[in-house]
Amino acid sequence: VDKMEKFGGKVMGWIATHVGWRKNKVEAYVRDFVGMLSFAGHLAIGPYPPHAQALKYGIDSLTIQSTFPSSSSSSSHSSESKMVQQIEQTINTLSYTHERLHHSITQYILPSSTKFVGQSEYIYPMILILIGLVIKAITLAFMDIGRFCFEIGIKVTLCVVGGVSLLMMCFSLDYNDDSYGELIMYGYMYAVVLSLIGCIIPLDNDKNNKREEEKVQSKHWINENWKQSIQFVACIIAIYTHVPMMLSHVSLAYPSALFWCPLLTFPSYGNRLHHSRGGDADETKKTVLLQMKQRMTKIASILILILTWPPVLLVPKVFEVYTMYILLVYTPLHMFLATLWLF
């Protein structure tokens, strides 16, 4: 968030020296835009302002009393009274400044001290982002449901749900461990889930009669329909988790949806290169090129999975601890993505 504010200052300096036409309006727009991002960033990743600090220590009410000496003048009384009022307002503000904890299901974002972006403004772009997941899920359901591998999809989903549930139980126990202990616990559970998924998924589709009969795309590719089942489940879970965030915590829902929607919507999972023998020189060359492309894609996928794995960058750099979002939303989607990319 601090880097964002510094970047906004640099942009404002560049505008002051290079922009001549409608300079004031451009500066005001950039200032409000950076302020909106900064406000949303504080709500999403912190630092969080104090909220109900008195209740934290079991103090239900607080009384401020001031005694004025009788010998002092009326002007002195006025200044002292104003100071007491300001102290009271400051304490009251610290109890309600965390907007996300208001007694409401909606949220607003402040670009500046005089403007705000309400739910009626930010909800429509969020719906447009999520509609890609809806269209992909509907397409998979109506066009490919006859070829779905429901058994594999259910087993993989149970593995992911079980692993996330165990992670929640482990992180709910307060052992006062350091970050290395959390890293070991998270990595161990993640590895166990992927190992179970690897045992469930048929790795050699050529030996599976059902997959062998479905070589219908071309002589270079084999349909792996279990991946379409996993993609369908991942889209449904992404929709199910992001819709509540859209209504209650849009500051976190926007970056999360912008990250997950393209990964789960745009790629067409379910095609594996078929290593056929024979053929002329052109076909052999084409097969070699496809193999190279597939290997490069696999390497890039592994690098992306490593960089987006929560203990690598997300928790120490963005979030200080493993929040509910990381455990309940980010982790299961990352497990599904790893299943689609690694197996």
# chains A, B, ... in the order shown; residues from 1 in each chain; ligands from 1
$ residues_around --residues "Ile230 (chain A)" --least-positions-apart "6" --cutoff "8 Å" --atoms "only C-alpha atoms" --output "list in words"
Gly153, Val156, Phe336 and Leu340 of chain A
$ residues_around --residues "region 185-202 of chain A" --least-positions-apart "5" --cutoff "9 Å" --atoms "only C-alpha atoms" --output "list in words"
Ile152, Lys155, Val156, Cys159, Val160, Gly162, Gly163, Val164, Leu166, Leu167, Cys170, Phe171, Tyr180, Asn208, Trp226, Pro311, Thr331, Met335, Ala338, Thr339 and Phe343 of chain A
$ atom_distance --atom1 "CA of Met36 (chain A)" --atom2 "CA of Phe259 (chain A)"
19.4 Å
$ atom_distance --atom1 "CA of Val233 (chain A)" --atom2 "CA of Ile154 (chain A)"
8.9 Å
$ atom_distance --atom1 "CA of Ser229 (chain A)" --atom2 "CA of Val250 (chain A)"
28.9 Å
$ closest_residue --among "A:Ile109, A:Val26, A:Met292, A:Ile237" --to "Ser38 (chain A)" --atoms "only C-alpha atoms"
A:Ile109
$ residues_around --residues "Ala141 (chain A)" --least-positions-apart "5" --cutoff "12 Å" --atoms "only C-alpha atoms" --output "PyMOL selection string"
chain A and resi 134-136+146-150+228-233+235-236
$ write_last_selection --atoms "C-alpha atoms" --output "PDB file, in the first residue's frame"
ATOM      1  CA  VAL A 134     -20.600 -18.716 -14.873  1.00  0.00           C
ATOM      2  CA  ILE A 135     -20.435 -19.052 -18.657  1.00  0.00           C
ATOM      3  CA  LYS A 136     -17.568 -21.551 -18.429  1.00  0.00           C
ATOM      4  CA  GLY A 146     -22.245 -36.676 -20.901  1.00  0.00           C
ATOM      5  CA  ARG A 147     -18.473 -37.270 -20.819  1.00  0.00           C
ATOM      6  CA  PHE A 148     -17.845 -36.065 -17.261  1.00  0.00           C
ATOM      7  CA  CYS A 149     -15.868 -38.295 -14.904  1.00  0.00           C
ATOM      8  CA  PHE A 150     -18.011 -37.649 -11.858  1.00  0.00           C
ATOM      9  CA  GLN A 228     -13.094 -30.929 -17.457  1.00  0.00           C
ATOM     10  CA  SER A 229     -14.820 -32.296 -14.359  1.00  0.00           C
ATOM     11  CA  ILE A 230     -12.179 -30.689 -12.114  1.00  0.00           C
ATOM     12  CA  GLN A 231     -12.428 -27.417 -14.018  1.00  0.00           C
ATOM     13  CA  PHE A 232     -16.199 -27.433 -13.592  1.00  0.00           C
ATOM     14  CA  VAL A 233     -15.912 -27.992  -9.826  1.00  0.00           C
ATOM     15  CA  CYS A 235     -15.464 -22.764 -11.376  1.00  0.00           C
ATOM     16  CA  ILE A 236     -18.410 -23.565  -9.094  1.00  0.00           C
TER      17      ILE A 236
END
$ closest_residue --among "A:Leu258, A:Val161, A:Leu290, A:Ile45" --to "Tyr322 (chain A)" --atoms "only C-alpha atoms"
A:Ile45
$ residues_around --residues "region 308-310 of chain A" --least-positions-apart "4" --cutoff "12 Å" --atoms "only C-alpha atoms" --output "PyMOL selection string"
chain A and resi 182-183+186-187+190-191+259-260+301-304+314-323+325-327+329-335+337-338
$ closest_residue --among "A:Ile91, A:Ile127, A:Ala40, A:Ala28" --to "His249 (chain A)" --atoms "only C-alpha atoms"
A:Ala40
$ closest_residue --among "A:Tyr269, A:Ile299, A:Gly35, A:Thr63" --to "Phe116 (chain A)" --atoms "only C-alpha atoms"
A:Gly35
